[in-house]
Amino acid sequence: MKIVDKKWLYLIVLSVVWGSSFILIKKALVGLTPLQLGALRTLFAAIFLLLIGFSYLKKIKKQQWKWIVISAFLGTFIPAFLFAFAETQIDSAVASILNSTTPIVTLILGAVLFKIVFSRNQLIGVIIGLVGSLLLIWSGADVNPNQNYWYSTLVLAASVCYALNVNILKKYLQDLPAMAIAAGNFIVLLVPSFLVLLYSGFFGLEFVGNTVLHVSLGYLLILALVGTAVAKVLFNKLVQVSTPVFASSVTYTIPVMALLWGLLDGERFSLFQAGAAAFILLGVLMTNKK
C-alpha cells in the first residue's frame with residue numbers, strides 16, 4: 001500500500017477509535033474517579049502492549065530513552081488524567097471538540113521549538129480547522145449553557161502535551177519502530193500509574209455486587225486496550241509516514257465521531273454544529289493539499 005494511502009487509512013481508523021474514547025471515558029467515570037480512570041487506563045494498556053511488544057524494547061538505543069520518557073508523560077500519562085477530570089464537568093463531545101486545537105499548537109511549536117518547516121497550505125488548513133472548532137465550541141456553549149467551561153482549560157493543556165509529543169516523535173524517534181516507542185512509553189509508566197492508583201483509593205472499593213463499578217471497568221478495559229494501546233501504535237506509525245501537522249489533524253475528525261456517540265447518548269446536538277464539523281474536515285484536506 002502506498003504511503004499516501006496508509007496515512008489516510010491510519011487517520012480514519014484513529015478517528016473512529018479516539019472519537020469513541022470520549023464516550024467511553026464518560027461511561028467509565030460513572031463508577032470511577034478521574035484518578036482511578038487515568039491510572040487504570042494506563043496500566044491496562046501497559047500490560048497489553050508489553051505482552052505483545054516487550055521484545056521491541058531492545059531496539060531502543062540508550063540515547064533515545066530520554067525522549068521515550070518525555071513522550072510517555074506528554075503523549076499518554078498527563079492527558080489521560082486531564083481528560084478524565086475535564087469530563088466530570090463538560091460533555092464528551094465538547095471535550096473532543098476542544099481537542100481540535102492540537103494541530104494549530106503543533107504547527108506553532110514545531111516551527112518555534114523544533115525548526116520543522118510547514119507550508120502555506122498547512123497553515124491555511126489548521127486555521128480553517130481551528131475556526132471550525134471555535135464555531136463548534138460557541139454553538140456548544142449555546143446548546144449546553146450549564147456546563148462548566150473552566151474545565152475546558154484541562155483539554156487545552158492536553159492539546160499542548162499532544163503537540164509537543166508529536167513533534168518529539170517526528171524529530172527524535174522517527175526511525176524507531178512504532179511498537180518499540182509504544183512499549184517503551186508504557187514500561188516507563190507502569191510504576192507512576194500504580195502509585196497513582198494506590199493513592200486513589202481504588203483497592204478500598206467494594207467489588208462484590210457492585211454492578212456500576214463492574215460496568216465502568218468494562219468500558220475502561222475497552223478504552224485502555226483499543227483507545228490507548230492499539231491507537232498508540234497506530235498514531236506512532238501515522239507520525240512516521242506523514243508530517244506532525246497531518247498526524248495531529250486526527251483531532252479534527254475525532255469530534256465528528258464523538259458527536260455522533262454523544263447524540264446517541266442523549267447529548268444535545270444542533271444543525272449548526274454539523275456545519276461546523278464539515279468545516280473542520282475541510283481543514284484536514286487543506287493540511288494535506290500539495
# chains A, B, ... in the order shown; residues from 1 in each chain; ligands from 1
>>> closest_atom_pairs(of="region 216-278 of chain A", to="region 77-96 of chain A", cutoff="8 Å", atoms="only C-alpha atoms", output="CSV")
residue,atom,partner,partner_atom,distance
A:Thr251,CA,A:Ser96,CA,7.6
A:Ile254,CA,A:Ser96,CA,6.6
A:Pro255,CA,A:Ser96,CA,5.1
A:Ala258,CA,A:Ala93,CA,5.2
A:Leu259,CA,A:Ala93,CA,5.0
A:Trp261,CA,A:Ala93,CA,7.9
A:Gly262,CA,A:Ala93,CA,5.9
A:Glu267,CA,A:Asp91,CA,7.4
>>> residues_around(residues="Ile222 (chain A)", least_positions_apart="2", cutoff="12 Å", atoms="only C-alpha atoms", output="mmCIF file with N, CA and C atoms, in the first residue's frame")
data_model
loop_
_atom_site.group_PDB
_atom_site.id
_atom_site.type_symbol
_atom_site.label_atom_id
_atom_site.label_comp_id
_atom_site.auth_asym_id
_atom_site.auth_seq_id
_atom_site.Cartn_x
_atom_site.Cartn_y
_atom_site.Cartn_z
ATOM 1 N N VAL A 17 -11.558 5.281 16.477
ATOM 2 C CA VAL A 17 -11.149 4.773 17.789
ATOM 3 C C VAL A 17 -11.121 5.885 18.832
ATOM 4 N N TRP A 18 -10.404 6.964 18.533
ATOM 5 C CA TRP A 18 -10.301 8.047 19.508
ATOM 6 C C TRP A 18 -11.598 8.840 19.619
ATOM 7 N N SER A 20 -14.426 7.510 19.692
ATOM 8 C CA SER A 20 -15.237 6.699 20.609
ATOM 9 C C SER A 20 -14.695 6.744 22.033
ATOM 10 N N SER A 21 -13.451 7.179 22.192
ATOM 11 C CA SER A 21 -12.822 7.180 23.518
ATOM 12 C C SER A 21 -13.504 8.140 24.482
ATOM 13 N N PHE A 22 -14.015 9.252 23.974
ATOM 14 C CA PHE A 22 -14.603 10.257 24.856
ATOM 15 C C PHE A 22 -15.881 9.759 25.528
ATOM 16 N N ILE A 23 -16.696 9.025 24.790
ATOM 17 C CA ILE A 23 -17.913 8.478 25.388
ATOM 18 C C ILE A 23 -17.558 7.350 26.360
ATOM 19 N N LEU A 24 -16.492 6.610 26.069
ATOM 20 C CA LEU A 24 -16.045 5.556 26.980
ATOM 21 C C LEU A 24 -15.541 6.144 28.295
ATOM 22 N N ILE A 25 -14.841 7.282 28.213
ATOM 23 C CA ILE A 25 -14.402 7.970 29.430
ATOM 24 C C ILE A 25 -15.615 8.391 30.256
ATOM 25 N N LYS A 27 -18.610 7.104 30.314
ATOM 26 C CA LYS A 27 -19.273 5.940 30.909
ATOM 27 C C LYS A 27 -18.455 5.361 32.059
ATOM 28 N N ALA A 28 -17.133 5.346 31.910
ATOM 29 C CA ALA A 28 -16.276 4.782 32.957
ATOM 30 C C ALA A 28 -16.283 5.648 34.211
ATOM 31 N N LEU A 40 -5.803 3.344 35.822
ATOM 32 C CA LEU A 40 -6.181 2.024 35.299
ATOM 33 C C LEU A 40 -6.074 1.978 33.775
ATOM 34 N N ARG A 41 -6.454 3.067 33.123
ATOM 35 C CA ARG A 41 -6.349 3.125 31.662
ATOM 36 C C ARG A 41 -4.906 2.908 31.213
ATOM 37 N N PHE A 44 -3.698 -0.918 32.252
ATOM 38 C CA PHE A 44 -4.242 -1.946 31.362
ATOM 39 C C PHE A 44 -3.557 -1.905 29.996
ATOM 40 N N ALA A 45 -3.375 -0.707 29.474
ATOM 41 C CA ALA A 45 -2.720 -0.562 28.176
ATOM 42 C C ALA A 45 -1.268 -1.025 28.247
ATOM 43 N N PHE A 48 -1.052 -4.909 28.316
ATOM 44 C CA PHE A 48 -1.367 -5.446 26.982
ATOM 45 C C PHE A 48 -0.211 -5.232 26.007
ATOM 46 N N VAL A 215 -19.475 -2.434 35.385
ATOM 47 C CA VAL A 215 -19.765 -1.869 34.063
ATOM 48 C C VAL A 215 -18.725 -0.810 33.694
ATOM 49 N N SER A 216 -18.385 0.032 34.657
ATOM 50 C CA SER A 216 -17.383 1.069 34.414
ATOM 51 C C SER A 216 -16.032 0.455 34.052
ATOM 52 N N LEU A 217 -15.672 -0.608 34.742
ATOM 53 C CA LEU A 217 -14.408 -1.286 34.437
ATOM 54 C C LEU A 217 -14.436 -1.919 33.048
ATOM 55 N N GLY A 218 -15.615 -2.382 32.624
ATOM 56 C CA GLY A 218 -15.748 -2.935 31.284
ATOM 57 C C GLY A 218 -15.493 -1.872 30.215
ATOM 58 N N TYR A 219 -16.105 -0.694 30.390
ATOM 59 C CA TYR A 219 -15.861 0.417 29.462
ATOM 60 C C TYR A 219 -14.391 0.824 29.490
ATOM 61 N N LEU A 220 -13.818 0.834 30.690
ATOM 62 C CA LEU A 220 -12.420 1.230 30.836
ATOM 63 C C LEU A 220 -11.488 0.257 30.128
ATOM 64 N N ALA A 224 -8.820 1.246 27.355
ATOM 65 C CA ALA A 224 -7.393 1.041 27.529
ATOM 66 C C ALA A 224 -6.777 0.216 26.397
ATOM 67 N N LEU A 225 -7.431 -0.883 26.044
ATOM 68 C CA LEU A 225 -6.854 -1.793 25.057
ATOM 69 C C LEU A 225 -6.937 -1.237 23.633
ATOM 70 N N VAL A 226 -8.098 -0.689 23.276
ATOM 71 C CA VAL A 226 -8.285 -0.197 21.906
ATOM 72 C C VAL A 226 -7.943 1.291 21.798
ATOM 73 N N GLY A 227 -8.550 2.086 22.688
ATOM 74 C CA GLY A 227 -8.385 3.531 22.594
ATOM 75 C C GLY A 227 -7.031 4.039 23.027
ATOM 76 N N THR A 228 -6.277 3.240 23.771
ATOM 77 C CA THR A 228 -4.951 3.675 24.219
ATOM 78 C C THR A 228 -3.841 2.815 23.620
ATOM 79 N N ALA A 229 -3.865 1.503 23.880
ATOM 80 C CA ALA A 229 -2.765 0.634 23.449
ATOM 81 C C ALA A 229 -2.659 0.523 21.929
ATOM 82 N N VAL A 230 -3.721 0.042 21.286
ATOM 83 C CA VAL A 230 -3.701 -0.137 19.825
ATOM 84 C C VAL A 230 -3.559 1.213 19.119
ATOM 85 N N ALA A 231 -4.314 2.209 19.593
ATOM 86 C CA ALA A 231 -4.271 3.529 18.961
ATOM 87 C C ALA A 231 -2.893 4.166 19.085
#
>>> select_by_dssp(residues="region 49-239 of chain A", states="alpha helix (DSSP H)", output="PyMOL selection string")
chain A and resi 49-53+65-72+78-86+92-98+102-113+120-143+152-172+178-200+211-222+231-239
>>> atom_distance(atom1="CA of Val13 (chain A)", atom2="CA of Ser193 (chain A)")
27.0 Å
>>> closest_residue(among="A:Asn167, A:Gln122, A:Ser159, A:Thr243", to="Ile70 (chain A)", atoms="only C-alpha atoms")
A:Asn167
>>> closest_residue(among="A:Ile124, A:Leu11, A:Val131, A:Leu51", to="Ala278 (chain A)", atoms="only C-alpha atoms")
A:Val131
